[in-house]
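Listing of target_23.cif; format and content: mmCIF, N, CA and C atoms.
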data_model
#
loop_
_atom_site.label_atom_id
_atom_site.label_comp_id
_atom_site.auth_asym_id
_atom_site.auth_seq_id
_atom_site.Cartn_x
_atom_site.Cartn_y
_atom_site.Cartn_z
N MET V 252 99.93 6.63 113.50
CA MET V 252 98.65 6.65 114.16
C MET V 252 97.55 6.74 113.09
N PRO V 253 96.57 5.84 113.10
CA PRO V 253 95.51 5.86 112.08
C PRO V 253 94.57 7.05 112.28
N LEU V 254 94.02 7.52 111.19
CA LEU V 254 93.06 8.61 111.23
C LEU V 254 91.70 8.09 111.70
N SER V 255 90.97 8.92 112.40
CA SER V 255 89.63 8.57 112.86
C SER V 255 88.69 8.46 111.67
N VAL V 256 87.75 7.54 111.75
CA VAL V 256 86.76 7.40 110.68
C VAL V 256 85.49 8.17 111.00
N LEU V 257 85.42 8.78 112.18
CA LEU V 257 84.25 9.53 112.59
C LEU V 257 84.66 10.93 113.03
N VAL V 258 84.03 11.91 112.43
CA VAL V 258 84.30 13.30 112.77
C VAL V 258 82.96 13.98 113.02
N SER V 259 82.90 14.80 114.06
CA SER V 259 81.69 15.56 114.36
C SER V 259 82.00 17.05 114.28
N VAL V 260 81.04 17.79 113.76
CA VAL V 260 81.18 19.24 113.65
C VAL V 260 79.88 19.87 114.15
N PHE V 261 80.01 20.92 114.93
CA PHE V 261 78.86 21.66 115.43
C PHE V 261 78.85 23.02 114.75
N VAL V 262 77.73 23.38 114.14
CA VAL V 262 77.58 24.68 113.48
C VAL V 262 76.47 25.44 114.19
N ASN V 263 76.79 26.64 114.64
CA ASN V 263 75.82 27.49 115.33
C ASN V 263 75.39 28.59 114.37
N HIS V 264 74.21 28.46 113.81
CA HIS V 264 73.69 29.44 112.86
C HIS V 264 72.96 30.57 113.57
N ARG V 265 73.04 31.74 113.00
CA ARG V 265 72.16 32.85 113.33
C ARG V 265 71.24 32.97 112.13
N VAL V 266 70.01 32.53 112.27
CA VAL V 266 69.10 32.45 111.13
C VAL V 266 68.54 33.83 110.82
N HIS V 267 68.71 34.25 109.60
CA HIS V 267 68.23 35.56 109.16
C HIS V 267 66.71 35.54 109.06
N PRO V 268 66.05 36.62 109.45
CA PRO V 268 64.58 36.66 109.40
C PRO V 268 64.00 36.42 108.00
N SER V 269 64.77 36.65 106.96
CA SER V 269 64.24 36.44 105.61
C SER V 269 64.23 34.95 105.23
N ASP V 270 64.92 34.11 106.01
CA ASP V 270 64.86 32.67 105.74
C ASP V 270 63.50 32.14 106.16
N ASP V 271 62.97 31.21 105.39
CA ASP V 271 61.65 30.67 105.68
C ASP V 271 61.59 29.98 107.03
N SER V 272 62.62 29.17 107.31
CA SER V 272 62.59 28.38 108.53
C SER V 272 63.96 27.77 108.76
N MET V 273 64.10 27.11 109.88
CA MET V 273 65.33 26.38 110.16
C MET V 273 65.50 25.25 109.15
N ALA V 274 64.38 24.69 108.68
CA ALA V 274 64.44 23.61 107.69
C ALA V 274 65.11 24.09 106.40
N SER V 275 64.83 25.31 105.98
CA SER V 275 65.46 25.82 104.75
C SER V 275 66.96 26.02 104.94
N VAL V 276 67.37 26.40 106.15
CA VAL V 276 68.79 26.55 106.44
C VAL V 276 69.47 25.18 106.42
N LEU V 277 68.82 24.20 107.04
CA LEU V 277 69.39 22.84 107.04
C LEU V 277 69.48 22.27 105.62
N GLU V 278 68.47 22.53 104.81
CA GLU V 278 68.50 22.06 103.42
C GLU V 278 69.66 22.68 102.66
N TYR V 279 69.89 23.96 102.88
CA TYR V 279 71.02 24.63 102.24
C TYR V 279 72.35 24.01 102.71
N ASP V 280 72.48 23.78 104.03
CA ASP V 280 73.69 23.15 104.56
C ASP V 280 73.91 21.78 103.92
N ARG V 281 72.85 20.98 103.83
CA ARG V 281 72.97 19.65 103.24
C ARG V 281 73.44 19.73 101.79
N LYS V 282 72.88 20.67 101.04
CA LYS V 282 73.26 20.83 99.64
C LYS V 282 74.74 21.18 99.50
N VAL V 283 75.18 22.12 100.31
CA VAL V 283 76.58 22.57 100.24
C VAL V 283 77.53 21.47 100.70
N ILE V 284 77.22 20.86 101.85
CA ILE V 284 78.12 19.87 102.44
C ILE V 284 78.15 18.59 101.63
N ARG V 285 76.99 18.11 101.20
CA ARG V 285 76.95 16.88 100.42
C ARG V 285 77.56 17.07 99.03
N GLY V 286 77.65 18.33 98.60
CA GLY V 286 78.35 18.60 97.35
C GLY V 286 79.82 18.24 97.46
N CYS V 287 80.31 18.22 98.67
CA CYS V 287 81.72 17.84 98.92
C CYS V 287 81.87 16.34 99.15
N ASP V 288 80.92 15.75 99.87
CA ASP V 288 81.01 14.33 100.21
C ASP V 288 79.63 13.85 100.64
N ASP V 289 79.02 12.96 99.89
CA ASP V 289 77.65 12.53 100.19
C ASP V 289 77.55 11.58 101.38
N ARG V 290 78.66 11.21 101.99
CA ARG V 290 78.63 10.37 103.19
C ARG V 290 78.39 11.19 104.45
N ILE V 291 78.43 12.50 104.32
CA ILE V 291 78.28 13.37 105.49
C ILE V 291 76.80 13.52 105.85
N GLU V 292 76.50 13.31 107.11
CA GLU V 292 75.14 13.45 107.62
C GLU V 292 74.99 14.82 108.28
N VAL V 293 73.92 15.52 107.92
CA VAL V 293 73.63 16.83 108.51
C VAL V 293 72.31 16.71 109.25
N ARG V 294 72.33 17.02 110.54
CA ARG V 294 71.10 16.92 111.32
C ARG V 294 71.12 17.95 112.44
N PRO V 295 69.94 18.43 112.82
CA PRO V 295 69.87 19.39 113.94
C PRO V 295 70.05 18.68 115.27
N LEU V 296 70.49 19.40 116.26
CA LEU V 296 70.67 18.84 117.60
C LEU V 296 69.44 19.02 118.48
N GLY V 297 68.39 19.60 117.94
CA GLY V 297 67.19 19.83 118.74
C GLY V 297 67.26 21.12 119.53
N LEU V 298 68.28 21.93 119.30
CA LEU V 298 68.45 23.18 120.02
C LEU V 298 68.07 24.39 119.16
N SER V 299 67.46 24.13 118.03
CA SER V 299 67.22 25.22 117.08
C SER V 299 66.09 26.15 117.55
N CYS V 300 66.21 27.37 117.11
CA CYS V 300 65.23 28.40 117.41
C CYS V 300 64.86 29.03 116.08
N PRO V 301 63.58 29.24 115.82
CA PRO V 301 63.19 29.83 114.53
C PRO V 301 63.73 31.26 114.40
N PRO V 302 63.77 31.76 113.19
CA PRO V 302 64.21 33.15 113.00
C PRO V 302 63.32 34.10 113.80
N SER V 303 63.93 35.11 114.37
CA SER V 303 63.14 36.06 115.15
C SER V 303 62.27 36.91 114.23
N PRO V 304 61.08 37.23 114.69
CA PRO V 304 60.21 38.08 113.87
C PRO V 304 60.78 39.50 113.78
N CYS V 305 60.53 40.16 112.68
CA CYS V 305 60.97 41.56 112.51
C CYS V 305 59.94 42.48 113.15
N SER V 306 60.44 43.44 113.89
CA SER V 306 59.56 44.42 114.52
C SER V 306 59.29 45.56 113.56
N ARG V 307 58.10 46.07 113.63
CA ARG V 307 57.69 47.14 112.71
C ARG V 307 58.31 48.48 113.12
N THR V 308 58.55 49.31 112.12
CA THR V 308 59.08 50.65 112.38
C THR V 308 58.04 51.73 112.06
N ASP V 309 56.84 51.31 111.69
CA ASP V 309 55.79 52.28 111.36
C ASP V 309 54.73 52.36 112.48
N VAL V 310 55.18 52.14 113.71
CA VAL V 310 54.28 52.18 114.87
C VAL V 310 54.77 53.22 115.88
N MET V 311 53.89 53.65 116.75
CA MET V 311 54.21 54.70 117.70
C MET V 311 55.39 54.31 118.62
N ALA V 312 55.45 53.06 119.04
CA ALA V 312 56.53 52.64 119.94
C ALA V 312 57.90 52.88 119.31
N TYR V 313 58.02 52.57 118.04
CA TYR V 313 59.30 52.83 117.37
C TYR V 313 59.55 54.32 117.25
N ASP V 314 58.51 55.10 117.00
CA ASP V 314 58.65 56.55 116.94
C ASP V 314 59.21 57.10 118.26
N TRP V 315 58.75 56.56 119.39
CA TRP V 315 59.25 57.01 120.68
C TRP V 315 60.74 56.71 120.84
N ILE V 316 61.16 55.52 120.40
CA ILE V 316 62.58 55.17 120.45
C ILE V 316 63.38 56.14 119.59
N GLN V 317 62.93 56.32 118.36
CA GLN V 317 63.62 57.17 117.40
C GLN V 317 63.70 58.62 117.90
N ARG V 318 62.58 59.14 118.37
CA ARG V 318 62.54 60.53 118.84
C ARG V 318 63.41 60.71 120.08
N SER V 319 63.41 59.74 120.98
CA SER V 319 64.24 59.82 122.19
C SER V 319 65.72 59.85 121.84
N VAL V 320 66.12 59.05 120.87
CA VAL V 320 67.52 59.06 120.43
C VAL V 320 67.88 60.43 119.87
N GLU V 321 67.01 60.95 119.04
CA GLU V 321 67.28 62.27 118.43
C GLU V 321 67.37 63.37 119.49
N LEU V 322 66.47 63.35 120.48
CA LEU V 322 66.47 64.38 121.51
C LEU V 322 67.68 64.29 122.43
N VAL V 323 68.07 63.08 122.82
CA VAL V 323 69.15 62.91 123.79
C VAL V 323 70.53 62.95 123.13
N PHE V 324 70.67 62.25 122.02
CA PHE V 324 71.99 62.12 121.40
C PHE V 324 72.20 63.10 120.24
N GLY V 325 71.12 63.69 119.75
CA GLY V 325 71.26 64.62 118.64
C GLY V 325 71.58 63.95 117.32
N ASN V 326 71.30 62.67 117.22
CA ASN V 326 71.59 61.90 116.01
C ASN V 326 70.33 61.26 115.48
N PRO V 327 70.28 61.03 114.17
CA PRO V 327 69.15 60.27 113.63
C PRO V 327 69.25 58.81 114.06
N CYS V 328 68.13 58.15 114.08
CA CYS V 328 68.07 56.75 114.49
C CYS V 328 67.54 55.93 113.31
N ALA V 329 68.25 54.89 112.95
CA ALA V 329 67.84 54.04 111.83
C ALA V 329 67.75 52.59 112.28
N PRO V 330 66.76 51.85 111.80
CA PRO V 330 66.65 50.43 112.20
C PRO V 330 67.79 49.62 111.59
N SER V 331 68.15 48.56 112.28
CA SER V 331 69.16 47.63 111.77
C SER V 331 68.85 46.24 112.31
N LEU V 332 69.59 45.27 111.85
CA LEU V 332 69.38 43.89 112.27
C LEU V 332 70.40 43.51 113.33
N LEU V 333 69.93 43.02 114.46
CA LEU V 333 70.80 42.53 115.52
C LEU V 333 71.10 41.07 115.22
N THR V 334 72.36 40.76 115.01
CA THR V 334 72.71 39.39 114.63
C THR V 334 72.97 38.48 115.82
N GLY V 335 73.18 39.04 116.98
CA GLY V 335 73.41 38.22 118.16
C GLY V 335 72.11 37.63 118.68
N ASN V 336 72.24 36.57 119.46
CA ASN V 336 71.07 35.95 120.05
C ASN V 336 70.73 36.69 121.34
N THR V 337 69.46 36.88 121.59
CA THR V 337 69.02 37.54 122.82
C THR V 337 67.93 36.68 123.47
N ASP V 338 67.52 37.09 124.64
CA ASP V 338 66.44 36.38 125.34
C ASP V 338 65.06 36.76 124.84
N THR V 339 64.99 37.58 123.80
CA THR V 339 63.68 38.05 123.34
C THR V 339 62.79 36.92 122.86
N ARG V 340 63.36 35.78 122.50
CA ARG V 340 62.51 34.66 122.05
C ARG V 340 61.50 34.25 123.12
N HIS V 341 61.82 34.55 124.38
CA HIS V 341 60.89 34.23 125.48
C HIS V 341 59.70 35.18 125.51
N TYR V 342 59.77 36.28 124.77
CA TYR V 342 58.72 37.30 124.80
C TYR V 342 57.94 37.39 123.50
N TRP V 343 58.25 36.55 122.53
CA TRP V 343 57.58 36.62 121.23
C TRP V 343 56.06 36.50 121.36
N GLY V 344 55.59 35.76 122.33
CA GLY V 344 54.15 35.60 122.51
C GLY V 344 53.48 36.79 123.21
N LEU V 345 54.28 37.71 123.73
CA LEU V 345 53.73 38.85 124.47
C LEU V 345 53.56 40.11 123.63
N SER V 346 54.37 40.23 122.57
CA SER V 346 54.33 41.45 121.78
C SER V 346 54.72 41.16 120.34
N ASP V 347 54.09 41.87 119.42
CA ASP V 347 54.44 41.73 118.01
C ASP V 347 55.71 42.49 117.67
N ASN V 348 56.07 43.46 118.50
CA ASN V 348 57.23 44.30 118.24
C ASN V 348 58.16 44.31 119.44
N ILE V 349 59.34 43.73 119.26
CA ILE V 349 60.34 43.70 120.32
C ILE V 349 61.60 44.35 119.75
N TYR V 350 62.02 45.44 120.38
CA TYR V 350 63.17 46.20 119.88
C TYR V 350 64.38 45.89 120.73
N ARG V 351 65.40 45.36 120.11
CA ARG V 351 66.64 45.01 120.79
C ARG V 351 67.55 46.24 120.69
N PHE V 352 67.51 47.06 121.72
CA PHE V 352 68.15 48.36 121.63
C PHE V 352 68.74 48.75 122.98
N SER V 353 69.91 49.34 122.94
CA SER V 353 70.51 49.88 124.15
C SER V 353 71.03 51.28 123.82
N PRO V 354 70.56 52.29 124.53
CA PRO V 354 70.94 53.66 124.21
C PRO V 354 72.31 54.03 124.78
N ILE V 355 73.34 53.59 124.13
CA ILE V 355 74.68 53.89 124.61
C ILE V 355 75.52 54.44 123.47
N ASN V 356 76.22 55.50 123.77
CA ASN V 356 77.08 56.16 122.80
C ASN V 356 78.52 55.76 123.10
N LEU V 357 79.11 54.95 122.23
CA LEU V 357 80.47 54.46 122.45
C LEU V 357 81.39 54.87 121.31
N HIS V 358 82.65 55.01 121.64
CA HIS V 358 83.68 55.16 120.62
C HIS V 358 84.00 53.75 120.12
N ILE V 359 84.43 53.64 118.89
CA ILE V 359 84.72 52.32 118.31
C ILE V 359 85.74 51.55 119.15
N SER V 360 86.65 52.24 119.81
CA SER V 360 87.65 51.56 120.64
C SER V 360 87.04 50.93 121.89
N GLU V 361 85.83 51.34 122.27
CA GLU V 361 85.18 50.82 123.46
C GLU V 361 84.31 49.60 123.20
N VAL V 362 83.98 49.34 121.96
CA VAL V 362 83.04 48.26 121.62
C VAL V 362 83.57 46.89 122.03
N GLY V 363 84.87 46.66 121.91
CA GLY V 363 85.46 45.36 122.22
C GLY V 363 85.36 44.94 123.67
N MET V 364 85.07 45.86 124.57
CA MET V 364 85.02 45.50 125.99
C MET V 364 83.71 44.81 126.37
N PHE V 365 82.68 44.88 125.50
CA PHE V 365 81.42 44.23 125.84
C PHE V 365 81.65 42.73 126.00
N HIS V 366 81.15 42.21 127.09
CA HIS V 366 81.31 40.79 127.44
C HIS V 366 82.77 40.40 127.50
N GLY V 367 83.63 41.34 127.82
CA GLY V 367 85.06 41.07 127.89
C GLY V 367 85.65 41.50 129.22
N VAL V 368 86.96 41.61 129.24
CA VAL V 368 87.69 42.00 130.44
C VAL V 368 87.41 43.47 130.75
N ASN V 369 87.15 43.76 132.01
CA ASN V 369 86.93 45.14 132.47
C ASN V 369 85.77 45.81 131.74
N GLU V 370 84.67 45.10 131.59
CA GLU V 370 83.49 45.66 130.92
C GLU V 370 82.97 46.85 131.73
N ARG V 371 82.75 47.97 131.04
CA ARG V 371 82.34 49.19 131.73
C ARG V 371 81.81 50.19 130.72
N ILE V 372 81.16 51.23 131.22
CA ILE V 372 80.80 52.38 130.40
C ILE V 372 81.20 53.64 131.17
N SER V 373 81.37 54.71 130.46
CA SER V 373 81.78 55.95 131.11
C SER V 373 80.61 56.58 131.86
N ALA V 374 80.93 57.50 132.76
CA ALA V 374 79.90 58.23 133.49
C ALA V 374 79.04 59.05 132.54
N VAL V 375 79.66 59.60 131.50
CA VAL V 375 78.91 60.38 130.50
C VAL V 375 77.91 59.47 129.78
N ALA V 376 78.36 58.28 129.38
CA ALA V 376 77.46 57.34 128.69
C ALA V 376 76.33 56.90 129.60
N LEU V 377 76.62 56.66 130.87
CA LEU V 377 75.58 56.26 131.82
C LEU V 377 74.56 57.38 132.01
N THR V 378 75.04 58.61 132.11
CA THR V 378 74.15 59.76 132.25
C THR V 378 73.24 59.89 131.03
N GLN V 379 73.80 59.70 129.84
CA GLN V 379 72.99 59.76 128.62
C GLN V 379 71.95 58.65 128.57
N MET V 380 72.32 57.46 129.06
CA MET V 380 71.36 56.35 129.08
C MET V 380 70.18 56.69 129.99
N VAL V 381 70.46 57.24 131.15
CA VAL V 381 69.39 57.62 132.07
C VAL V 381 68.51 58.69 131.43
N GLU V 382 69.14 59.67 130.80
CA GLU V 382 68.37 60.73 130.13
C GLU V 382 67.52 60.16 129.00
N TYR V 383 68.07 59.18 128.27
CA TYR V 383 67.29 58.54 127.20
C TYR V 383 66.05 57.88 127.78
N TYR V 384 66.22 57.07 128.83
CA TYR V 384 65.07 56.36 129.40
C TYR V 384 64.04 57.33 129.99
N GLU V 385 64.50 58.41 130.60
CA GLU V 385 63.56 59.43 131.09
C GLU V 385 62.75 60.01 129.93
N THR V 386 63.44 60.32 128.84
CA THR V 386 62.78 60.88 127.66
C THR V 386 61.81 59.89 127.05
N PHE V 387 62.25 58.64 126.91
CA PHE V 387 61.41 57.60 126.33
C PHE V 387 60.14 57.39 127.16
N ILE V 388 60.31 57.33 128.48
CA ILE V 388 59.15 57.13 129.37
C ILE V 388 58.19 58.30 129.27
N MET V 389 58.72 59.51 129.24
CA MET V 389 57.85 60.68 129.14
C MET V 389 57.09 60.68 127.81
N LEU V 390 57.76 60.38 126.72
CA LEU V 390 57.08 60.33 125.42
C LEU V 390 56.00 59.24 125.39
N SER V 391 56.35 58.07 125.93
CA SER V 391 55.39 56.97 125.87
C SER V 391 54.21 57.18 126.83
N CYS V 392 54.45 57.82 127.96
CA CYS V 392 53.35 58.07 128.91
C CYS V 392 52.42 59.17 128.44
N THR V 393 52.95 60.11 127.68
CA THR V 393 52.11 61.20 127.20
C THR V 393 51.52 60.89 125.84
N GLY V 394 52.01 59.81 125.20
CA GLY V 394 51.48 59.42 123.89
C GLY V 394 51.88 60.36 122.77
N VAL V 395 52.98 61.10 122.98
CA VAL V 395 53.43 62.05 121.97
C VAL V 395 54.01 61.30 120.77
N GLU V 396 53.50 61.62 119.60
CA GLU V 396 54.02 61.02 118.38
C GLU V 396 55.09 61.93 117.79
N GLN V 397 55.95 61.31 116.98
CA GLN V 397 57.00 62.08 116.31
C GLN V 397 56.37 63.03 115.31
N ASP V 398 56.95 64.23 115.20
CA ASP V 398 56.44 65.23 114.25
C ASP V 398 56.66 64.81 112.83
#

Translate this structure into structure tokens?
Amino acid sequence: MPLSVLVSVFVNHRVHPSDDSMASVLEYDRKVIRGCDDRIEVRPLGLSCPPSPCSRTDVMAYDWIQRSVELVFGNPCAPSLLTGNTDTRHYWGLSDNIYRFSPINLHISEVGMFHGVNERISAVALTQMVEYYETFIMLSCTGVEQD
């Protein structure tokens, strides 16, 4: 059986906020791929989304998140980068700071159930989530800043 002369590959990138644009990612892909074979064509499918903007951590809204975590869970809260895609791109025009955060305390063995079979959280975790949101709402409504 003869080999096909046409092969298609789909690459789904998660563009890091430090990248200038989708164009810089495509240029990097072209450089790497054409280094192997210059007959390969690299082109976007028109489904690209620019890198998400980074939300500030030196604002009161972030302080409320951080303080609520500390009060409810008794743990420090540190910013990190969410690598998954979310619907927040629909809200970029509404706010300069969008925090992709869910106040849930899980054991490492429970993480795999997200978006999987028998997805669930414990009653304790649900209770803590409710307490977190109550605390967050109270802090934000009263305008209390972190000490």

List the neighbours of stretch 347-354 of chain V out to 7 Å using all atoms listed in the file; skip same-chain residues closer than 3 positions along the sequence, and give me the result as a CSV table (one decimal) with N, CA and C atoms, keeping the file's coordinate frame.
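Heads up, here's the output in out20.csv:
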chain,number,residue,atom,x,y,z
V,305,CYS,N,60.5,40.2,112.7
V,305,CYS,CA,61.0,41.6,112.5
V,305,CYS,C,59.9,42.5,113.2
V,306,SER,N,60.4,43.4,113.9
V,306,SER,CA,59.6,44.4,114.5
V,306,SER,C,59.3,45.6,113.6
V,307,ARG,N,58.1,46.1,113.6
V,307,ARG,CA,57.7,47.1,112.7
V,307,ARG,C,58.3,48.5,113.1
V,343,TRP,N,58.2,36.6,122.5
V,343,TRP,CA,57.6,36.6,121.2
V,343,TRP,C,56.1,36.5,121.4
V,344,GLY,N,55.6,35.8,122.3
V,344,GLY,CA,54.2,35.6,122.5
V,344,GLY,C,53.5,36.8,123.2
V,376,ALA,N,78.4,58.3,129.4
V,376,ALA,CA,77.5,57.3,128.7
V,376,ALA,C,76.3,56.9,129.6
V,379,GLN,N,73.8,59.7,129.8
V,379,GLN,CA,73.0,59.8,128.6
V,379,GLN,C,72.0,58.6,128.6
V,380,MET,N,72.3,57.5,129.1
V,380,MET,CA,71.4,56.4,129.1
V,380,MET,C,70.2,56.7,130.0
V,383,TYR,N,68.1,59.2,128.3
V,383,TYR,CA,67.3,58.5,127.2
V,383,TYR,C,66.0,57.9,127.8

- Message: Here is a test: counting only C-alpha atoms, which residue of V:Ser269, V:Ser360, V:Thr337, V:Ser319 is nearest to V:Val381?
- Response: V:Ser319

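By only C-alpha atoms, and with residues fewer than 2 positions from V:Pro302 along its chain excluded, the set lying at most 12 Å from it is His264, Arg265, Val266, His267, Pro268, Ser269, Asp270, Asp271, Ser272, Met273, Ala274, Ser275, Val276, Ser299, Cys300, Pro304, Cys305, Leu332, Leu333, Thr334, Gly335, Asn336, Thr337, Thr339, Arg340 and Trp343 of chain V.
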
- Item | Shell of 8 Å around V:Arg294, only C-alpha atoms, local chain residues under 2 positions omitted, as a PyMOL selection string | chain V and resi 277+292+296

Mind dumping the selected residues with N, CA and C atoms as a compact mmCIF listing (two decimals), keeping the file's coordinate frame?
# COMPACT_ATOMS: atom_id res chain seq x y z
N LEU V 277 68.82 24.20 107.04
CA LEU V 277 69.39 22.84 107.04
C LEU V 277 69.48 22.27 105.62
N GLU V 292 76.50 13.31 107.11
CA GLU V 292 75.14 13.45 107.62
C GLU V 292 74.99 14.82 108.28
N LEU V 296 70.49 19.40 116.26
CA LEU V 296 70.67 18.84 117.60
C LEU V 296 69.44 19.02 118.48

- Kindly give the distance, in Å, that separates atom C of V:Val262 and atom N of V:Asn369, rounded to a single decimal.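 Between these atoms lies a distance of 27.7 Å.
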
- In Å, rounded to a single decimal, give me how far atom CA of V:His358 is from atom CA of V:Ser331.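 Distance between the two atoms: 18.6 Å.
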
- By how many Å are atom C of V:Glu385 and atom N of V:Val320 apart? 9.7 Å

- Task: Counting only C-alpha atoms, figure out which residue out of V:Thr386, V:Thr378, V:Ser373, V:Ser259 gets nearest to V:Glu321.
- Result: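 For V:Glu321, the nearest of the given residues is V:Thr386.
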
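Closest approach to V:Met311 among V:Gly286, V:Phe324, V:Ala329, V:Cys392 is made by V:Cys392 (distances from only C-alpha atoms).
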
- Message: Could you pull out the helix (DSSP H, G or I) residues of stretch 270-363 of chain V, going by DSSP on the backbone, and write them as a ChimeraX atom specification?
- Response: /V:273-285,311-324,338-342,359-363

- Of V:Glu382, V:Leu377, V:Asp289, V:Leu357, the one nearest to V:Val323 when counting all atoms listed in the file is V:Glu382

Can you check which parts of stretch 290-365 of chain V lie within 8 Å of stretch 278-285 of chain V? Per residue, the shortest pair of atoms and distance in Å to one decimal, counting only C-alpha atoms, sorted by chain and number, as a Markdown table.
| residue | atom | partner | partner_atom | distance |
| --- | --- | --- | --- | --- |
| V:Arg290 | CA | V:Arg285 | CA | 7.3 |
| V:Ile291 | CA | V:Arg285 | CA | 6.3 |
| V:Glu292 | CA | V:Arg281 | CA | 7.9 |
| V:Val293 | CA | V:Arg281 | CA | 6.0 |

- Which one of V:Val375, V:Ser391, V:Asn263, V:Glu370 sits closest to V:Asn356 if you count only N, CA and C atoms? V:Val375
